[in-house]
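For reference, the structure is listed below as structure tokens.
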Amino acid sequence: MKLLVLCVLAMMVTMAVSQLTRQFEVALKVQIIAGFDKKLAAWINRHGRGLSAVQKKTLYFVNRRYMQTYWQNYMLFVDEKIRKLGRAPNVNDYTAIGAEIGRRVPLQITIYPILIKYNILPKWHPYMGKVLSLRVEDIPVDYY
């Protein structure tokens with residue numbers, strides 16, 4: 001019984017420690033989505049002549065969903081970078097790491113062309129509009 005209680009407490013502490021403060025989370029989200037949206041805008045400018053406005057909007061939704069899906073992996077990368085700092089992190093550190101993630105993920109090569117070429121872009125649904133209407137800071141993400 002004592003072992004079970006200790007395991008539960010250890011798990012709760014681990015989850016609490018792995019959560020970011022709100023200001024750090026916001027800095028990451030804003031920079032990641034800014035990088036993704038910049039890549040998408042450039043890709044649409046070059047290759048998106050045949051896309052409708054709804055398809056373009058859907059691609060912006062794909063950016064947000066991609067960030068939500070891979071948030072846990074980004075946290076592993078962020079934790080590694082923060083550990084290498086050797087000091088207490090600040091908002092600027094998280095902003096720089098978020099910008100790096102936004103730059104490094106090759107969505108313009110791996111996601112957009114495939115969705116369009118093979119016609120597997122999801123159809124527009126109302127929940128997509130709800131996610132797009134949220135401010136980037138308020139997009140929900142899971143830590144576990």
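Chain labels A, B, ... are given in the sequence in which chains occur in the structure tokens; within each chain residues are numbered consecutively from 1, and ligands are likewise numbered from 1 in the order shown.
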Applying 10 Å and only C-alpha atoms, which residues near region 112-123 of chain A remain after dropping the ones on its own chain fewer than 6 positions away? List them as a ChimeraX atom specification.
/A:40,43-44,47-48,50-51,54-55,58-59,61-63,106
Okay, now the selection with N, CA and C atoms, as a PDB file, in the first residue's frame?
```pdb
ATOM      1  N   LEU A  40       3.966  28.220 -44.264  1.00  0.00           N
ATOM      2  CA  LEU A  40       2.749  27.974 -45.029  1.00  0.00           C
ATOM      3  C   LEU A  40       2.454  29.127 -45.974  1.00  0.00           C
ATOM      4  N   TRP A  43       4.728  28.800 -48.864  1.00  0.00           N
ATOM      5  CA  TRP A  43       4.358  27.663 -49.697  1.00  0.00           C
ATOM      6  C   TRP A  43       3.112  27.980 -50.523  1.00  0.00           C
ATOM      7  N   ILE A  44       2.133  28.619 -49.906  1.00  0.00           N
ATOM      8  CA  ILE A  44       0.914  28.998 -50.635  1.00  0.00           C
ATOM      9  C   ILE A  44       1.248  29.999 -51.734  1.00  0.00           C
ATOM     10  N   HIS A  47       3.049  27.647 -54.410  1.00  0.00           N
ATOM     11  CA  HIS A  47       2.378  26.464 -54.949  1.00  0.00           C
ATOM     12  C   HIS A  47       0.867  26.464 -54.800  1.00  0.00           C
ATOM     13  N   GLY A  48       0.282  27.457 -54.172  1.00  0.00           N
ATOM     14  CA  GLY A  48      -1.122  27.387 -53.809  1.00  0.00           C
ATOM     15  C   GLY A  48      -2.090  28.074 -54.741  1.00  0.00           C
ATOM     16  N   GLY A  50      -3.976  26.924 -57.088  1.00  0.00           N
ATOM     17  CA  GLY A  50      -5.218  26.187 -57.308  1.00  0.00           C
ATOM     18  C   GLY A  50      -6.025  25.912 -56.059  1.00  0.00           C
ATOM     19  N   LEU A  51      -5.609  26.436 -54.928  1.00  0.00           N
ATOM     20  CA  LEU A  51      -6.305  26.159 -53.678  1.00  0.00           C
ATOM     21  C   LEU A  51      -7.432  27.160 -53.437  1.00  0.00           C
ATOM     22  N   VAL A  54     -11.089  27.947 -48.523  1.00  0.00           N
ATOM     23  CA  VAL A  54     -11.364  26.963 -47.475  1.00  0.00           C
ATOM     24  C   VAL A  54     -10.181  26.013 -47.329  1.00  0.00           C
ATOM     25  N   GLN A  55      -9.569  25.604 -48.430  1.00  0.00           N
ATOM     26  CA  GLN A  55      -8.405  24.717 -48.349  1.00  0.00           C
ATOM     27  C   GLN A  55      -7.232  25.424 -47.678  1.00  0.00           C
ATOM     28  N   THR A  58      -7.901  25.496 -44.064  1.00  0.00           N
ATOM     29  CA  THR A  58      -7.700  24.157 -43.512  1.00  0.00           C
ATOM     30  C   THR A  58      -6.216  23.889 -43.285  1.00  0.00           C
ATOM     31  N   LEU A  59      -5.373  24.363 -44.174  1.00  0.00           N
ATOM     32  CA  LEU A  59      -3.934  24.186 -43.988  1.00  0.00           C
ATOM     33  C   LEU A  59      -3.440  24.939 -42.748  1.00  0.00           C
ATOM     34  N   PHE A  61      -5.253  25.378 -40.131  1.00  0.00           N
ATOM     35  CA  PHE A  61      -5.702  24.512 -39.045  1.00  0.00           C
ATOM     36  C   PHE A  61      -4.720  23.349 -38.865  1.00  0.00           C
ATOM     37  N   VAL A  62      -4.238  22.786 -39.969  1.00  0.00           N
ATOM     38  CA  VAL A  62      -3.279  21.676 -39.901  1.00  0.00           C
ATOM     39  C   VAL A  62      -2.037  22.110 -39.122  1.00  0.00           C
ATOM     40  N   ASN A  63      -1.591  23.344 -39.301  1.00  0.00           N
ATOM     41  CA  ASN A  63      -0.449  23.854 -38.532  1.00  0.00           C
ATOM     42  C   ASN A  63      -0.709  23.769 -37.031  1.00  0.00           C
ATOM     43  N   PRO A 106      10.076  20.743 -41.121  1.00  0.00           N
ATOM     44  CA  PRO A 106       9.929  20.974 -42.575  1.00  0.00           C
ATOM     45  C   PRO A 106       8.515  20.679 -43.091  1.00  0.00           C
TER      46      PRO A 106
END
```
Report the closest atom pair, with its distance in Å rounded to one decimal, for each residue of region 103-141 of chain A that has an atom no farther than 12 Å from region 69-90 of chain A; count only C-alpha atoms, sort by chain and then rising residue number, and write it as a Markdown table.
```
| residue | atom | partner | partner_atom | distance |
| --- | --- | --- | --- | --- |
| A:Arg104 | CA | A:Tyr74 | CA | 11.4 |
| A:Val105 | CA | A:Tyr74 | CA | 10.5 |
| A:Ile139 | CA | A:Trp71 | CA | 11.3 |
| A:Pro140 | CA | A:Trp71 | CA | 10.1 |
| A:Val141 | CA | A:Trp71 | CA | 6.7 |
```
Who sits within 12 Å of Thr21 (chain A), only C-alpha atoms, same chain under 5 positions skipped, as a ChimeraX atom specification:
/A:16,26-28,89-91,94
Find, counting only C-alpha atoms, the residue in A:Lys57, A:Lys130, A:Lys38, A:Lys29 that gets nearest to Gly98 (chain A).
A:Lys29
Taking the DSSP secondary structure from the backbone, can you list the residues of region 2-142 of chain A that are alpha helix (DSSP H), as an MDAnalysis selection string?
chainID A and resid 2:18 22:47 53:69 71:85 91:104 107:110 112:117 126:133
